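Notes for the one structure printed next.
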Amino acid sequence: MKITAIRAYRVELPLHEGTYRWSGGNSVAVFDSTVVAVETDAGITGYGEVCPLGPAYLPAYAEGARTGIREIGPKLLGLDPRDLGVLNRRMDAALRGHPYVKSAIDVACWDILGQAANLPVVTLLGGRYGETFKLYRAISQEAPEAMAARVGQYRSEGYSKFQLKVGGDADTDIERIKACAAQLQRGDVLIADANTGWLMHQATRVVDAVKDVDVYIEQPCMSYEECRAIRERTQRPFILDEVIDSLSAVLKGYEDRAMDVINLKISKVGGLTRAKEIRDLCVSLGIAMTIEDTWGGDIATTAIAHLAHSTPPELLFSATDFNSYVTVSTAEGAAQRKHGLMAAPTGPGLGLTPRMDVLGKPVFEIK
Ligand SMILES: [Mg+2]
């Protein structure tokens, strides 16, 4: 089997809530997502998606994903897409770094491998654990009372894990965490995600003020070293996200006991092949994970579902259903949230069928 063509589609994904806000005054109203189709000479086409959280969240941006795919795409024609190790080595040789550029291509090739094997990707990634897995809900940064009201609203939709977007003014963030904590019921999980937004003195004030609150602290500061210093100043369970961008970052954090949980974002590490390496290492080391991505619609969410559902439940802290935040559906058969839970599709590959009328004409084709 050979790759004969790679196409990229640009899709706009508006949010049900209008705007998503996080630290540093950052916000997105309409996501700019890229869906990649990898076509083969065997009549099988695979799909993947990459959708950065705007240009200011990670070193990644939507037009950069497309530009990078244009750069490496011609060097992948003729490869067997089922040879995922060979494919990833070729991508790394063609473009140093820029893992997010490679992610949708890698996912599309997993989709092809699954279709060729007549098995769902969840089986190829290790097998399905149980019927469903639990999701978290991100709560966009607003006034404390408004965020507290969202906790009740989203619990009524079935969620029990709530990730607050903080990383703003420290006094207001303390109010946000306390107001939301007051809404919790037994079994709920509360996470305060600063998305690198605090300086060390601000983070120190916040973790001290919430020392008696049952809350997880996520990525308080920009650098690994700053986060580690804050970790030593708090007894709260600790999550690292933005700085966990590779296998070596996980190993460093493990050696330093720098975190209890990591957030594993598929596109941040370059696709399902790399994410599986990190997931399997974390399983061996006993590090819990939130399995997710930077954002996306049906296709990115379904890739998350296959990786999350093949992760031992005690190591799967949570996962994300990005397709229920956005108003546009790009595929039939995608993983869908049901009462705060999700499951990987059962069909071959990713188990979905893209809506070509929504994807429209490709922005480019490499063949
Ligand atoms: Mg985070």
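Simple scheme: letters A, B, ... for chains in structure tokens order, numbers from 1 for residues in each chain, numbers from 1 for ligands in the order shown.
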Report the residues of stretch 136-227 of chain A whose backbone DSSP state falls under strand (DSSP E or B), written as a list in words. Tyr136, Arg137, Ala138, Ile139, Lys161, Phe162, Gln163, Leu164, Lys165, Val189, Leu190, Ile191, Ala192, Asp193, Tyr216, Ile217 and Glu218 of chain A
Grab me every residue within 8 Å of ligand 1, counting only C-alpha atoms and all ligand atoms, and send it over as a ChimeraX atom specification. /A:193-195,218-219,240-242,263
Keeping only C-alpha atoms, write the selected residues as a compact mmCIF listing (two decimals), in the first residue's frame.
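Okay, result10.txt is ready:
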```txt
# COMPACT_ATOMS: atom_id res chain seq x y z
CA ASP A 193 -5.52 25.52 35.45
CA ALA A 194 -3.43 28.69 35.28
CA ASN A 195 -2.11 27.89 31.79
CA GLU A 218 -2.31 22.84 36.95
CA GLN A 219 0.65 24.51 35.19
CA LEU A 240 1.85 19.67 34.38
CA ASP A 241 0.58 20.40 30.88
CA GLU A 242 2.27 22.98 28.64
CA ASN A 263 -1.92 16.37 30.33
```
Filtered DSSP result for stretch 84-250 of chain A, state alpha helix (DSSP H), as a count of residues only: 81
Spatial neighbours of stretch 102-118 of chain A, max dist 9 Å, only C-alpha atoms, sep filter under 5 positions, as a PyMOL selection string: chain A and resi 6+34-40+42+44-50+65+68-69+72-73+81-84+87-88+91-92+123-124+266-273+300+303+347-351
Produce a file of the selected residues containing N, CA and C atoms, as a compact mmCIF listing (two decimals), in the first residue's frame.
```
# COMPACT_ATOMS: atom_id res chain seq x y z
N ILE A 6 -2.08 13.64 -0.40
CA ILE A 6 -2.39 14.21 0.92
C ILE A 6 -3.14 15.51 0.67
N THR A 34 -7.58 22.20 10.89
CA THR A 34 -7.12 21.60 9.64
C THR A 34 -7.39 20.10 9.68
N VAL A 35 -8.15 19.63 8.71
CA VAL A 35 -8.40 18.20 8.55
C VAL A 35 -7.52 17.71 7.41
N VAL A 36 -6.82 16.61 7.65
CA VAL A 36 -5.92 16.05 6.64
C VAL A 36 -6.48 14.71 6.17
N ALA A 37 -6.52 14.55 4.85
CA ALA A 37 -6.88 13.26 4.25
C ALA A 37 -5.62 12.66 3.64
N VAL A 38 -5.32 11.42 4.00
CA VAL A 38 -4.21 10.70 3.37
C VAL A 38 -4.83 9.60 2.51
N GLU A 39 -4.58 9.70 1.19
CA GLU A 39 -5.19 8.76 0.24
C GLU A 39 -4.16 7.72 -0.17
N THR A 40 -4.64 6.50 -0.41
CA THR A 40 -3.72 5.42 -0.79
C THR A 40 -4.14 4.79 -2.12
N ALA A 42 -4.79 1.76 -2.34
CA ALA A 42 -5.60 0.60 -1.99
C ALA A 42 -7.08 0.97 -1.84
N ILE A 44 -8.21 3.09 0.25
CA ILE A 44 -8.46 3.48 1.64
C ILE A 44 -7.94 4.90 1.83
N THR A 45 -8.76 5.74 2.47
CA THR A 45 -8.34 7.09 2.83
C THR A 45 -8.47 7.25 4.34
N GLY A 46 -7.45 7.80 4.96
CA GLY A 46 -7.48 8.05 6.41
C GLY A 46 -7.57 9.54 6.69
N TYR A 47 -8.10 9.88 7.88
CA TYR A 47 -8.30 11.28 8.25
C TYR A 47 -7.69 11.58 9.61
N GLY A 48 -7.16 12.80 9.72
CA GLY A 48 -6.67 13.31 11.00
C GLY A 48 -6.99 14.79 11.08
N GLU A 49 -6.83 15.35 12.28
CA GLU A 49 -7.18 16.78 12.47
C GLU A 49 -6.17 17.41 13.42
N VAL A 50 -5.80 18.65 13.13
CA VAL A 50 -4.97 19.43 14.06
C VAL A 50 -5.59 20.81 14.22
N ALA A 65 0.45 24.90 10.76
CA ALA A 65 0.18 23.48 10.53
C ALA A 65 0.08 23.20 9.04
N GLY A 68 3.42 23.63 7.26
CA GLY A 68 4.31 22.50 7.55
C GLY A 68 3.91 21.25 6.78
N ILE A 69 2.61 21.03 6.66
CA ILE A 69 2.14 19.84 5.91
C ILE A 69 2.52 19.97 4.44
N ILE A 72 6.29 18.91 4.30
CA ILE A 72 6.69 17.50 4.45
C ILE A 72 5.89 16.54 3.57
N GLY A 73 4.69 16.96 3.16
CA GLY A 73 3.81 16.07 2.41
C GLY A 73 4.46 15.40 1.21
N PRO A 81 1.55 3.75 4.46
CA PRO A 81 1.06 4.47 5.64
C PRO A 81 0.90 3.58 6.87
N ARG A 82 0.91 2.25 6.67
CA ARG A 82 0.78 1.33 7.80
C ARG A 82 2.10 1.20 8.56
N ASP A 83 3.20 1.62 7.92
CA ASP A 83 4.52 1.56 8.56
C ASP A 83 4.72 2.82 9.38
N LEU A 84 4.06 2.88 10.55
CA LEU A 84 4.00 4.15 11.27
C LEU A 84 5.35 4.60 11.82
N LEU A 87 7.16 6.03 8.80
CA LEU A 87 6.52 7.30 8.45
C LEU A 87 6.98 8.41 9.39
N ASN A 88 6.99 8.13 10.68
CA ASN A 88 7.38 9.18 11.64
C ASN A 88 8.86 9.54 11.51
N MET A 91 9.04 11.84 8.58
CA MET A 91 8.55 13.19 8.90
C MET A 91 9.60 13.95 9.72
N ASP A 92 10.23 13.25 10.67
CA ASP A 92 11.23 13.93 11.51
C ASP A 92 12.48 14.30 10.70
N THR A 123 -8.21 -0.85 19.48
CA THR A 123 -7.64 -2.20 19.60
C THR A 123 -6.15 -2.17 19.29
N LEU A 124 -5.79 -1.43 18.23
CA LEU A 124 -4.37 -1.35 17.85
C LEU A 124 -3.54 -0.64 18.92
N ILE A 266 -2.42 15.15 22.06
CA ILE A 266 -1.94 14.36 20.92
C ILE A 266 -1.12 15.22 19.95
N SER A 267 -1.63 16.38 19.56
CA SER A 267 -0.90 17.16 18.55
C SER A 267 0.37 17.79 19.13
N LYS A 268 0.38 18.06 20.44
CA LYS A 268 1.57 18.69 21.05
C LYS A 268 2.79 17.78 20.93
N VAL A 269 2.55 16.45 20.97
CA VAL A 269 3.67 15.51 20.90
C VAL A 269 3.84 14.90 19.51
N GLY A 270 2.96 15.23 18.55
CA GLY A 270 3.19 14.83 17.17
C GLY A 270 2.31 13.72 16.64
N GLY A 271 1.25 13.35 17.38
CA GLY A 271 0.32 12.34 16.84
C GLY A 271 0.15 11.17 17.77
N LEU A 272 -0.60 10.17 17.30
CA LEU A 272 -0.91 9.01 18.15
C LEU A 272 0.32 8.13 18.40
N THR A 273 1.24 8.06 17.42
CA THR A 273 2.42 7.21 17.61
C THR A 273 3.23 7.69 18.81
N ALA A 300 -10.53 15.09 15.76
CA ALA A 300 -9.58 15.16 16.88
C ALA A 300 -10.17 14.49 18.13
N ALA A 303 -9.96 10.70 17.81
CA ALA A 303 -8.58 10.21 18.06
C ALA A 303 -8.31 10.17 19.56
N GLY A 347 -16.12 0.84 14.80
CA GLY A 347 -15.81 0.52 13.40
C GLY A 347 -14.31 0.51 13.14
N PRO A 348 -13.91 0.02 11.96
CA PRO A 348 -12.48 -0.04 11.64
C PRO A 348 -11.83 1.35 11.59
N GLY A 349 -10.56 1.41 11.93
CA GLY A 349 -9.85 2.69 11.91
C GLY A 349 -10.39 3.60 13.01
N LEU A 350 -10.52 4.90 12.68
CA LEU A 350 -11.14 5.82 13.65
C LEU A 350 -12.64 5.55 13.77
N GLY A 351 -13.21 4.91 12.75
CA GLY A 351 -14.63 4.54 12.81
C GLY A 351 -15.56 5.69 12.47
```
Provide the atom CA of A:Thr330 to atom CA of A:Arg274 distance in Å, to one decimal place.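 Atom-to-atom, atom CA of A:Thr330 and atom CA of A:Arg274 are spaced 24.7 Å apart.
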